[in-house]
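S.K.: The following file, query_36.cif, comprises mmCIF, C-alpha atoms and all ligand atoms:
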data_upload
loop_
_atom_site.label_atom_id
_atom_site.label_comp_id
_atom_site.auth_asym_id
_atom_site.auth_seq_id
_atom_site.Cartn_x
_atom_site.Cartn_y
_atom_site.Cartn_z
CA MET A 1 -7.98 80.95 -95.11
CA VAL A 2 -4.48 82.19 -94.40
CA ALA A 3 -4.98 81.48 -90.72
CA ASP A 4 -6.21 77.98 -91.57
CA ASN A 5 -3.13 77.29 -93.65
CA ALA A 6 -0.86 78.59 -90.93
CA GLU A 7 -2.60 76.33 -88.45
CA ASN A 8 -2.26 73.33 -90.75
CA THR A 9 1.45 74.00 -91.20
CA ALA A 10 1.89 74.30 -87.43
CA ASN A 11 0.03 71.01 -86.89
CA GLU A 12 2.11 69.30 -89.55
CA GLN A 13 5.25 70.52 -87.88
CA MET A 14 4.14 69.00 -84.59
CA ASP A 15 3.75 65.71 -86.47
CA ILE A 16 7.18 64.30 -85.76
CA LEU A 17 6.90 61.51 -88.32
CA LYS A 18 6.03 63.95 -91.11
CA SER A 19 8.80 66.40 -90.23
CA THR A 20 11.37 63.59 -89.99
CA GLN A 21 10.30 62.37 -93.42
CA THR A 22 10.64 65.91 -94.80
CA ILE A 23 14.25 66.20 -93.60
CA ILE A 24 15.14 62.67 -94.75
CA ARG A 25 13.81 63.48 -98.21
CA THR A 26 15.92 66.65 -98.38
CA ALA A 27 19.00 64.86 -97.03
CA LEU A 28 18.70 62.05 -99.61
CA GLU A 29 18.09 64.55 -102.43
CA LYS A 30 21.21 66.48 -101.43
CA LEU A 31 23.19 63.23 -101.43
CA GLY A 32 21.85 62.46 -104.92
CA TYR A 33 19.80 59.36 -104.09
CA PRO A 34 16.74 58.50 -106.22
CA ASP A 35 13.17 58.59 -104.88
CA GLU A 36 12.95 54.86 -104.10
CA VAL A 37 15.57 55.26 -101.38
CA PHE A 38 13.28 57.75 -99.65
CA ASP A 39 10.37 55.40 -100.21
CA LEU A 40 12.24 52.67 -98.32
CA MET A 41 13.33 54.94 -95.49
CA LYS A 42 10.21 56.96 -94.82
CA GLU A 43 8.64 54.19 -92.69
CA PRO A 44 9.97 51.28 -90.60
CA VAL A 45 10.40 48.01 -92.52
CA ARG A 46 8.57 46.22 -89.70
CA MET A 47 6.03 47.37 -87.13
CA MET A 48 4.39 45.17 -84.54
CA THR A 49 1.40 46.11 -82.37
CA VAL A 50 0.75 43.96 -79.33
CA ARG A 51 -1.90 43.76 -76.61
CA ILE A 52 -0.56 42.78 -73.22
CA PRO A 53 -2.82 41.48 -70.44
CA VAL A 54 -1.57 42.24 -66.93
CA ARG A 55 -3.16 41.22 -63.65
CA MET A 56 -3.28 44.38 -61.57
CA ASP A 57 -2.87 44.54 -57.78
CA ASP A 58 -6.63 44.83 -57.23
CA GLY A 59 -7.16 41.50 -59.01
CA SER A 60 -8.53 42.96 -62.24
CA ILE A 61 -6.96 42.35 -65.66
CA LYS A 62 -5.88 45.36 -67.66
CA ILE A 63 -4.92 45.12 -71.34
CA PHE A 64 -2.07 47.40 -72.42
CA THR A 65 -1.15 48.31 -76.00
CA GLY A 66 2.50 48.19 -77.03
CA TYR A 67 4.54 48.64 -80.19
CA ARG A 68 7.91 47.66 -81.60
CA ALA A 69 9.14 49.35 -84.77
CA GLN A 70 12.20 48.24 -86.75
CA HIS A 71 13.16 50.96 -89.14
CA ASN A 72 15.92 49.52 -91.30
CA ASP A 73 18.12 46.47 -90.75
CA ALA A 74 20.40 46.82 -93.77
CA VAL A 75 23.44 47.78 -91.66
CA GLY A 76 22.85 45.29 -88.86
CA PRO A 77 20.34 44.38 -86.14
CA THR A 78 17.96 47.15 -85.12
CA LYS A 79 18.52 48.89 -81.80
CA GLY A 80 16.62 51.29 -79.62
CA GLY A 81 14.78 51.89 -76.39
CA VAL A 82 11.33 51.06 -75.07
CA ARG A 83 9.32 53.86 -73.48
CA PHE A 84 6.50 53.53 -70.97
CA HIS A 85 4.32 56.61 -71.31
CA PRO A 86 0.63 57.52 -71.53
CA ASN A 87 1.21 59.49 -74.76
CA VAL A 88 2.93 56.69 -76.72
CA SER A 89 1.46 56.34 -80.21
CA GLU A 90 2.18 54.27 -83.29
CA LYS A 91 3.32 57.37 -85.14
CA GLU A 92 5.67 58.44 -82.37
CA VAL A 93 7.28 54.99 -82.14
CA LYS A 94 7.77 54.97 -85.92
CA ALA A 95 9.45 58.39 -85.90
CA LEU A 96 11.61 57.42 -82.93
CA SER A 97 12.77 54.26 -84.74
CA ILE A 98 13.86 56.40 -87.70
CA TRP A 99 15.80 58.66 -85.34
CA MET A 100 17.57 55.61 -83.94
CA SER A 101 18.71 54.67 -87.45
CA LEU A 102 20.04 58.19 -87.88
CA LYS A 103 21.84 58.12 -84.51
CA ALA A 104 23.45 54.77 -85.36
CA GLY A 105 24.61 56.23 -88.69
CA ILE A 106 25.96 59.42 -87.13
CA VAL A 107 28.07 57.66 -84.48
CA ASP A 108 28.84 54.86 -86.96
CA LEU A 109 27.48 51.81 -85.14
CA PRO A 110 26.79 48.48 -86.91
CA TYR A 111 23.04 48.85 -86.26
CA GLY A 112 19.81 50.06 -87.76
CA GLY A 113 17.16 51.83 -85.69
CA GLY A 114 14.35 50.33 -83.65
CA LYS A 115 12.00 51.61 -80.96
CA GLY A 116 9.30 50.32 -78.69
CA GLY A 117 6.63 51.83 -76.51
CA ILE A 118 3.79 50.86 -74.21
CA LEU A 119 0.81 53.07 -73.46
CA CYS A 120 0.79 53.20 -69.68
CA ASP A 121 1.58 55.50 -66.77
CA PRO A 122 4.35 53.86 -64.73
CA ARG A 123 3.99 56.62 -62.10
CA GLU A 124 0.68 55.06 -61.16
CA MET A 125 1.74 51.41 -61.27
CA SER A 126 3.23 49.20 -58.57
CA PHE A 127 6.54 47.40 -58.92
CA ARG A 128 4.70 44.11 -59.35
CA GLU A 129 2.44 45.48 -62.09
CA LEU A 130 5.44 46.96 -63.92
CA GLU A 131 7.19 43.60 -63.80
CA GLY A 132 4.12 41.87 -65.26
CA LEU A 133 3.90 44.45 -68.03
CA SER A 134 7.63 44.26 -68.87
CA ARG A 135 7.58 40.46 -69.05
CA GLY A 136 4.32 40.44 -71.03
CA TYR A 137 5.78 42.85 -73.57
CA VAL A 138 8.84 40.65 -74.12
CA ARG A 139 6.66 37.56 -74.57
CA ALA A 140 4.53 39.44 -77.09
CA ILE A 141 7.43 40.69 -79.23
CA SER A 142 9.82 37.75 -78.66
CA GLN A 143 9.62 36.50 -82.24
CA ILE A 144 11.00 39.65 -83.79
CA VAL A 145 13.64 40.62 -81.20
CA GLY A 146 16.92 39.03 -80.12
CA PRO A 147 20.64 39.79 -79.76
CA THR A 148 21.23 39.48 -83.51
CA LYS A 149 17.83 40.84 -84.61
CA ASP A 150 16.66 43.78 -82.54
CA ILE A 151 18.10 44.88 -79.20
CA PRO A 152 15.90 46.94 -76.84
CA ALA A 153 17.15 49.42 -74.20
CA PRO A 154 15.81 52.00 -71.73
CA ASP A 155 13.99 55.14 -72.82
CA VAL A 156 11.48 57.52 -71.20
CA PHE A 157 10.31 56.09 -67.83
CA THR A 158 12.09 52.73 -68.21
CA ASN A 159 15.25 51.82 -66.31
CA SER A 160 17.79 49.10 -65.51
CA GLN A 161 15.30 47.16 -63.34
CA ILE A 162 12.87 46.95 -66.24
CA MET A 163 15.73 45.86 -68.54
CA ALA A 164 16.63 43.14 -66.00
CA TRP A 165 13.06 41.74 -65.99
CA MET A 166 12.96 41.85 -69.78
CA MET A 167 16.33 40.10 -70.07
CA ASP A 168 15.22 37.42 -67.63
CA GLU A 169 11.98 36.83 -69.53
CA TYR A 170 13.78 36.60 -72.86
CA SER A 171 16.38 34.22 -71.41
CA ARG A 172 13.57 31.93 -70.22
CA ILE A 173 11.93 31.89 -73.66
CA ASP A 174 15.27 31.39 -75.40
CA GLU A 175 16.42 28.82 -72.81
CA PHE A 176 19.82 30.53 -72.62
CA ASN A 177 21.19 33.20 -70.37
CA ASN A 178 21.15 35.94 -72.95
CA PRO A 179 22.49 39.27 -71.68
CA GLY A 180 23.06 40.62 -75.22
CA PHE A 181 19.30 40.65 -75.84
CA ILE A 182 18.93 44.03 -74.14
CA THR A 183 21.16 46.89 -72.99
CA GLY A 184 20.96 49.28 -70.07
CA LYS A 185 21.00 46.35 -67.63
CA PRO A 186 22.24 46.54 -64.03
CA ILE A 187 26.04 46.02 -63.90
CA VAL A 188 25.66 42.68 -62.07
CA LEU A 189 23.64 41.31 -65.00
CA GLY A 190 26.13 42.32 -67.68
CA GLY A 191 25.38 46.03 -67.85
CA SER A 192 28.17 48.39 -68.85
CA HIS A 193 29.88 50.94 -66.68
CA GLY A 194 28.84 54.39 -67.77
CA ARG A 195 25.58 53.32 -69.48
CA GLU A 196 23.23 55.03 -67.04
CA SER A 197 24.89 58.40 -67.50
CA ALA A 198 25.85 57.86 -71.16
CA THR A 199 23.21 60.07 -72.79
CA ALA A 200 24.06 62.97 -70.48
CA ASN A 201 27.77 62.31 -70.94
CA GLY A 202 27.42 62.45 -74.73
CA VAL A 203 25.36 65.65 -74.46
CA THR A 204 28.04 67.18 -72.22
CA MET A 205 30.69 66.33 -74.83
CA CYS A 206 28.60 68.00 -77.55
CA ILE A 207 28.09 71.06 -75.33
CA GLU A 208 31.86 71.30 -74.82
CA GLU A 209 32.49 71.11 -78.56
CA ALA A 210 29.73 73.61 -79.38
CA ALA A 211 30.97 76.00 -76.69
CA LYS A 212 34.45 75.94 -78.26
CA LYS A 213 32.94 76.90 -81.63
CA ARG A 214 31.17 79.86 -80.01
CA ASN A 215 34.05 80.82 -77.70
CA ILE A 216 31.99 80.27 -74.59
CA ASN A 217 33.87 79.21 -71.49
CA LEU A 218 31.87 76.50 -69.72
CA LYS A 219 33.19 77.77 -66.39
CA GLY A 220 30.58 80.29 -65.36
CA ALA A 221 28.40 79.73 -68.45
CA ARG A 222 24.68 80.12 -67.66
CA ILE A 223 22.80 76.96 -68.58
CA VAL A 224 19.10 76.11 -68.58
CA ILE A 225 18.00 72.47 -68.67
CA GLN A 226 14.41 71.49 -69.38
CA GLY A 227 13.71 68.11 -67.74
CA PHE A 228 15.23 66.39 -64.73
CA GLY A 229 14.90 62.77 -65.80
CA ASN A 230 17.79 60.46 -66.67
CA ALA A 231 19.41 62.85 -69.16
CA GLY A 232 18.59 66.15 -67.42
CA SER A 233 19.68 65.13 -63.93
CA PHE A 234 23.05 63.61 -64.88
CA LEU A 235 23.63 66.50 -67.25
CA SER A 236 23.06 69.12 -64.57
CA LYS A 237 25.57 67.30 -62.36
CA PHE A 238 28.24 67.01 -65.08
CA LEU A 239 27.91 70.65 -66.12
CA HIS A 240 27.78 71.87 -62.53
CA ASP A 241 31.00 69.91 -61.83
CA LYS A 242 32.62 71.62 -64.80
CA GLY A 243 31.91 74.99 -63.21
CA ALA A 244 28.85 75.98 -65.24
CA LYS A 245 25.97 77.78 -63.53
CA ILE A 246 22.73 75.84 -63.89
CA ILE A 247 20.26 78.71 -63.59
CA GLY A 248 17.10 76.79 -64.48
CA ILE A 249 15.74 73.26 -64.43
CA SER A 250 12.24 71.84 -64.77
CA ASP A 251 10.10 68.74 -64.47
CA ALA A 252 6.67 67.91 -65.91
CA TYR A 253 4.95 70.16 -63.35
CA GLY A 254 6.98 73.37 -63.38
CA ALA A 255 10.43 74.93 -63.32
CA LEU A 256 12.95 76.46 -60.92
CA HIS A 257 15.03 79.54 -61.66
CA ASP A 258 17.92 81.17 -59.84
CA PRO A 259 20.12 83.60 -61.81
CA GLU A 260 22.94 82.90 -59.31
CA GLY A 261 22.82 79.15 -60.02
CA LEU A 262 20.69 76.42 -58.43
CA ASP A 263 21.93 74.08 -55.71
CA ILE A 264 22.18 71.05 -58.00
CA ASP A 265 23.41 68.57 -55.38
CA TYR A 266 20.42 69.39 -53.19
CA LEU A 267 17.98 69.01 -56.10
CA LEU A 268 19.52 65.70 -57.17
CA ASP A 269 19.18 64.46 -53.66
CA ARG A 270 15.50 65.40 -53.49
CA ARG A 271 14.25 64.33 -56.94
CA ASP A 272 12.13 61.19 -57.19
CA SER A 273 12.87 58.38 -59.65
CA PHE A 274 10.75 60.08 -62.34
CA GLY A 275 12.68 63.34 -61.98
CA THR A 276 10.01 65.25 -60.08
CA VAL A 277 11.38 67.92 -57.77
CA THR A 278 9.55 71.23 -58.33
CA ASN A 279 6.66 70.14 -56.08
CA LEU A 280 8.95 70.84 -53.12
CA PHE A 281 9.15 74.55 -53.93
CA GLU A 282 6.76 77.48 -53.91
CA ASN A 283 8.32 80.04 -56.23
CA THR A 284 8.20 78.02 -59.41
CA ILE A 285 7.95 79.32 -62.97
CA THR A 286 6.37 77.58 -65.96
CA ASN A 287 8.18 75.41 -68.52
CA LYS A 288 7.35 78.08 -71.11
CA GLU A 289 9.06 80.77 -69.03
CA LEU A 290 12.03 78.50 -68.42
CA LEU A 291 12.75 78.10 -72.14
CA GLU A 292 12.79 81.86 -72.62
CA LEU A 293 15.21 82.63 -69.76
CA ASP A 294 18.30 84.71 -70.46
CA CYS A 295 21.14 82.16 -70.66
CA ASP A 296 24.13 81.05 -72.77
CA ILE A 297 23.16 77.43 -73.40
CA LEU A 298 19.68 75.91 -73.47
CA VAL A 299 19.24 72.15 -73.25
CA PRO A 300 15.76 70.74 -73.80
CA ALA A 301 16.00 67.31 -72.14
CA ALA A 302 12.33 66.42 -71.74
CA ILE A 303 9.79 65.78 -74.48
CA GLU A 304 8.89 66.61 -78.08
CA ASN A 305 7.71 69.87 -79.64
CA GLN A 306 8.79 72.28 -76.91
CA ILE A 307 10.36 74.93 -79.13
CA THR A 308 7.99 75.94 -81.88
CA GLU A 309 7.44 78.91 -84.18
CA GLU A 310 5.58 80.51 -81.28
CA ASN A 311 8.49 80.76 -78.87
CA ALA A 312 11.58 80.38 -81.13
CA HIS A 313 11.86 84.17 -81.45
CA ASN A 314 12.05 84.50 -77.65
CA ILE A 315 14.88 82.02 -77.07
CA LYS A 316 17.85 83.95 -75.67
CA ALA A 317 20.52 81.24 -75.61
CA SER A 318 23.30 81.33 -78.21
CA ILE A 319 23.63 77.54 -78.24
CA LEU A 320 20.77 75.04 -78.12
CA VAL A 321 21.67 71.40 -77.59
CA GLU A 322 18.84 68.88 -77.91
CA ALA A 323 19.17 66.15 -75.29
CA ALA A 324 15.53 65.07 -75.77
CA ASN A 325 14.23 63.49 -78.94
CA GLY A 326 12.45 66.02 -81.17
CA PRO A 327 12.14 69.05 -78.87
CA THR A 328 12.35 71.62 -81.70
CA THR A 329 9.98 71.79 -84.67
CA LEU A 330 11.21 72.33 -88.23
CA GLY A 331 9.87 75.89 -88.36
CA ALA A 332 11.58 76.71 -85.08
CA THR A 333 14.84 75.21 -86.37
CA LYS A 334 14.74 77.65 -89.26
CA ILE A 335 14.01 80.64 -87.02
CA LEU A 336 16.81 79.74 -84.61
CA THR A 337 19.31 79.13 -87.42
CA ASP A 338 18.39 82.45 -89.08
CA ARG A 339 18.95 84.13 -85.73
CA GLY A 340 22.47 82.69 -85.65
CA ILE A 341 21.82 80.29 -82.77
CA LEU A 342 23.96 77.15 -82.98
CA LEU A 343 21.56 74.19 -82.80
CA VAL A 344 23.06 70.78 -82.05
CA PRO A 345 20.33 68.31 -83.06
CA ASP A 346 18.95 65.40 -81.03
CA VAL A 347 20.15 62.68 -83.40
CA LEU A 348 23.72 63.79 -82.71
CA ALA A 349 23.56 65.16 -79.15
CA SER A 350 21.67 62.25 -77.60
CA ALA A 351 23.58 59.48 -79.40
CA GLY A 352 25.80 58.79 -76.35
CA GLY A 353 23.15 56.44 -74.91
CA VAL A 354 23.03 54.09 -77.86
CA THR A 355 26.82 54.31 -78.22
CA VAL A 356 27.40 52.92 -74.73
CA SER A 357 24.58 50.44 -75.36
CA TYR A 358 26.64 49.22 -78.29
CA PHE A 359 29.66 48.96 -75.97
CA GLU A 360 27.51 46.94 -73.55
CA TRP A 361 26.42 44.57 -76.33
CA VAL A 362 30.03 44.15 -77.50
CA GLN A 363 31.11 43.35 -73.92
CA ASN A 364 28.25 40.83 -73.58
CA ASN A 365 29.20 39.17 -76.87
CA GLN A 366 32.85 38.83 -75.94
CA GLY A 367 32.21 38.13 -72.25
CA TYR A 368 34.97 40.55 -71.29
CA TYR A 369 34.18 43.74 -69.43
CA TRP A 370 35.71 47.22 -69.60
CA SER A 371 36.45 49.72 -66.86
CA GLU A 372 34.56 52.98 -66.50
CA GLU A 373 37.60 54.87 -67.81
CA GLU A 374 37.76 52.73 -70.95
CA VAL A 375 34.08 53.34 -71.66
CA GLU A 376 34.46 57.09 -71.08
CA GLU A 377 37.49 57.33 -73.35
CA LYS A 378 35.85 55.34 -76.15
CA LEU A 379 32.62 57.37 -75.87
CA HIS A 380 34.56 60.63 -76.01
CA LYS A 381 36.34 59.56 -79.21
CA VAL A 382 33.06 58.58 -80.87
CA MET A 383 31.15 61.73 -79.87
CA VAL A 384 33.87 64.22 -80.82
CA LYS A 385 34.35 62.55 -84.19
CA ALA A 386 30.59 62.57 -84.85
CA PHE A 387 30.28 66.22 -83.77
CA ASP A 388 33.15 67.28 -86.04
CA ASN A 389 31.75 65.34 -88.96
CA VAL A 390 28.28 66.90 -88.63
CA TYR A 391 29.67 70.40 -87.94
CA GLN A 392 32.04 70.28 -90.93
CA THR A 393 29.30 68.99 -93.26
CA ALA A 394 27.07 71.86 -92.12
CA GLU A 395 29.84 74.44 -92.69
CA THR A 396 30.88 73.08 -96.08
CA ARG A 397 27.34 72.78 -97.41
CA ARG A 398 26.07 75.91 -95.65
CA ILE A 399 23.18 74.07 -94.06
CA ASP A 400 21.98 73.78 -90.48
CA MET A 401 23.35 71.02 -88.25
CA ARG A 402 20.05 69.13 -88.25
CA LEU A 403 20.07 68.63 -92.00
CA SER A 404 23.77 67.83 -91.99
CA ALA A 405 23.25 65.25 -89.19
CA TYR A 406 20.51 63.64 -91.28
CA MET A 407 22.83 63.55 -94.31
CA VAL A 408 25.56 61.88 -92.26
CA GLY A 409 22.98 59.57 -90.63
CA VAL A 410 21.25 58.23 -93.75
CA ARG A 411 24.32 57.66 -95.89
CA LYS A 412 25.52 54.32 -94.45
CA MET A 413 21.99 52.93 -94.35
CA ALA A 414 21.39 53.90 -97.98
CA GLU A 415 24.71 52.39 -99.09
CA ALA A 416 24.09 49.17 -97.15
CA SER A 417 20.58 48.87 -98.63
CA ARG A 418 22.06 49.35 -102.09
CA PHE A 419 24.81 46.72 -101.63
CA ARG A 420 22.18 44.27 -100.44
CA GLY A 421 20.30 44.85 -103.67
CA TRP A 422 17.20 46.29 -101.97
CA ILE A 423 17.19 49.53 -103.94
N1 LIG B 501 16.57 55.23 -75.75
C1 LIG B 501 17.87 55.74 -76.06
C2 LIG B 501 17.83 56.60 -77.30
O1 LIG B 501 16.80 57.13 -77.65
C3 LIG B 501 18.93 54.66 -76.09
C4 LIG B 501 18.73 53.57 -77.08
C5 LIG B 501 19.72 52.42 -76.89
O2 LIG B 501 20.54 52.50 -75.99
O3 LIG B 501 19.63 51.48 -77.66
O4 LIG B 501 18.82 56.86 -77.93
#
Once more with this new file: its structure as structure tokens, please.
Ligand code: GLU
M.R.:
Amino acid sequence: MVADNAENTANEQMDILKSTQTIIRTALEKLGYPDEVFDLMKEPVRMMTVRIPVRMDDGSIKIFTGYRAQHNDAVGPTKGGVRFHPNVSEKEVKALSIWMSLKAGIVDLPYGGGKGGILCDPREMSFRELEGLSRGYVRAISQIVGPTKDIPAPDVFTNSQIMAWMMDEYSRIDEFNNPGFITGKPIVLGGSHGRESATANGVTMCIEEAAKKRNINLKGARIVIQGFGNAGSFLSKFLHDKGAKIIGISDAYGALHDPEGLDIDYLLDRRDSFGTVTNLFENTITNKELLELDCDILVPAAIENQITEENAHNIKASILVEAANGPTTLGATKILTDRGILLVPDVLASAGGVTVSYFEWVQNNQGYYWSEEEVEEKLHKVMVKAFDNVYQTAETRRIDMRLSAYMVGVRKMAEASRFRGWI
């Protein structure tokens, strides 16, 4: 019986929608909001499921399932990426849209959260098939998206090329050239300088702030990064350039470890566009072993539910910065916090991406473009302010940084919903 209960709790914790709702409820209670505010925020206000037919290269037609969730549009249009992944589910997209609302609140953007996803494996699709799928998705969701309604962006396994196809398709439907419909575009189509590396840049800024709090000098600090995709690869480069020792990295198939520091430039050169690189090596370790390596800073930058009650006791880092969405379960958060590990949560650490997406949208709207330095300076200001705000709230209220980030993140959305007379 006890074992059953323990198993149920573990399963519930892996349910990212449920655990997000649990923290939102606590955050709203602590802020003194009544139950109906939680009732509004526990699910997206709008959720669309679409079926997208695509003619494959062999002549057959394959029907793909896609989603677009819009969590809350009280503050402004909804905003958030679209992921292409075989594990996409309705529940995941819903939870991710809630996290986007929180991110927008934490870095104080005039947006609510949205998220999209398509069940597919882009690693097994041709360029032509991916184009068909991207355009089909935009046609299917075109009624509920738009530059003043809901603005998509890249996420797991989507990139600037996919954004370009989607922007082109939307512009055809809308009969206007409409760059502000989507962010993360190539620079020549109205993309922003610094957008591609923005998530990693924001994570780096959070790592710098967290390291100051723990008196860790980044020069020579031993860092482990799980994942070598968009966030993980740029991050390894930025930290390496700052003199840190990247002693471990991983991809979906395994991990590399060198206590003296890996040759990051070589690995960046050899990775494929999905971040795969460990297949080139023989002496690999597992992702599980990677997370438990002796290091100063651990950065999960891959997928959800990687640090759980099972391995939280074995984490040796003194700072954990979540570059991925949802890598640590609620139970693991408690264990790590009790062990005195400083945990910088996803909704804060990974908010650099949507921040520069907002800059891109602003530039598109005004038709005037900023230099890379301007973007970097503005991003730095936003991230440091957000970090300080969340850190101070955690200190003052004696709570962990995840709960404090949620408190900071829900406040503006709750206030805006109240002023609109929704609650
Ligand atoms: N997909 C990214 C995220 O999860 C970026 C979203 C955006 O730029 O709108 O934050």
S.K.: Near stretch 345-354 of chain A, within 9 Å and counting only C-alpha atoms, which residues show up once chain neighbours fewer than 6 positions away are dropped, as a ChimeraX atom specification?
M.R.: /A:79-81,99-100,102-104,106-107,109,153,183-184,195-207,231,320-328,379-380,382-383,386-387,390,401-403,405-406,409
S.K.: Grab the atom CA of A:Glu43 to atom C5 of ligand LIG 501 (chain B) distance for me, in Å with one decimal place.
M.R.: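 For atom CA of A:Glu43 relative to atom C5 of ligand LIG 501 (chain B), the distance reads 19.4 Å.
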S.K.: Go through A:Gly112, A:Gly248, A:Gly340, A:Gly190 one by one, measure the shortest atom-to-atom distance of each to ligand LIG 501 (chain B) using only C-alpha atoms and all ligand atoms, and give the residue with the smallest value.
M.R.: A:Gly112
S.K.: Which one of A:Asp265, A:Glu260, A:Glu415, A:Asp251 sits closest to A:Leu290 if you count all atoms listed in the file?
M.R.: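 So, comparing all the options, the nearest one is A:Asp251.
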S.K.: In Å, how far is it from atom CA of A:Arg51 to atom CA of A:Glu169?
M.R.: 17.1 Å
S.K.: Which residues, written as a ChimeraX atom specification, have at least one atom at most 9 Å from A:Pro77, with all atoms listed in the file counted and residues fewer than 5 positions away on the same chain left out?
M.R.: /A:72,110-114,146-151
S.K.: Which is closer to A:Ile187 than all the others in A:Asp58, A:Asp155, A:Ile307, A:Gln161, using all atoms listed in the file?
M.R.: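 Closest candidate: A:Gln161.
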S.K.: For each of A:Gly59, A:Gly117, A:Gly254, A:Gly367, take the minimum atom-to-atom distance to A:Arg83, counting all atoms listed in the file, then give the residue where this is smallest.
M.R.: A:Gly117
S.K.: If we count only C-alpha atoms, what is near A:Ala95 at a cut-off of 8 Å, once residues fewer than 5 positions away on the same chain are taken out, given as a VMD selection string?
M.R.: chain A and resid 16 to 17 20
S.K.: Would you mind exporting the chosen residues as a JSON list (two decimals), in the frame of the given file, restricted to C-alpha atoms?
M.R.:
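Result written to result12.json:
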[["chain", "number", "residue", "atom", "x", "y", "z"],
["A", 16, "ILE", "CA", 7.18, 64.30, -85.76],
["A", 17, "LEU", "CA", 6.90, 61.51, -88.32],
["A", 20, "THR", "CA", 11.37, 63.59, -89.99]]
S.K.: With distances taken over all atoms listed in the file, which of A:Leu336, A:Ile24, A:Ile61, A:Ala244 is nearest to A:Leu40?
M.R.: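 Ranked by minimum distance to A:Leu40, first place goes to A:Ile24.
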S.K.: Which one of A:Ile303, A:Val362, A:Ala164, A:Leu235 sits closest to A:His85 if you count only C-alpha atoms?
M.R.: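 For A:His85, the nearest of the candidates is A:Ile303.
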S.K.: Name all residues at most 9 Å from A:Glu373 (count only C-alpha atoms; drop same-chain ones fewer than 5 positions away) and give them as a PyMOL selection string.
M.R.: chain A and resi 193-194+378
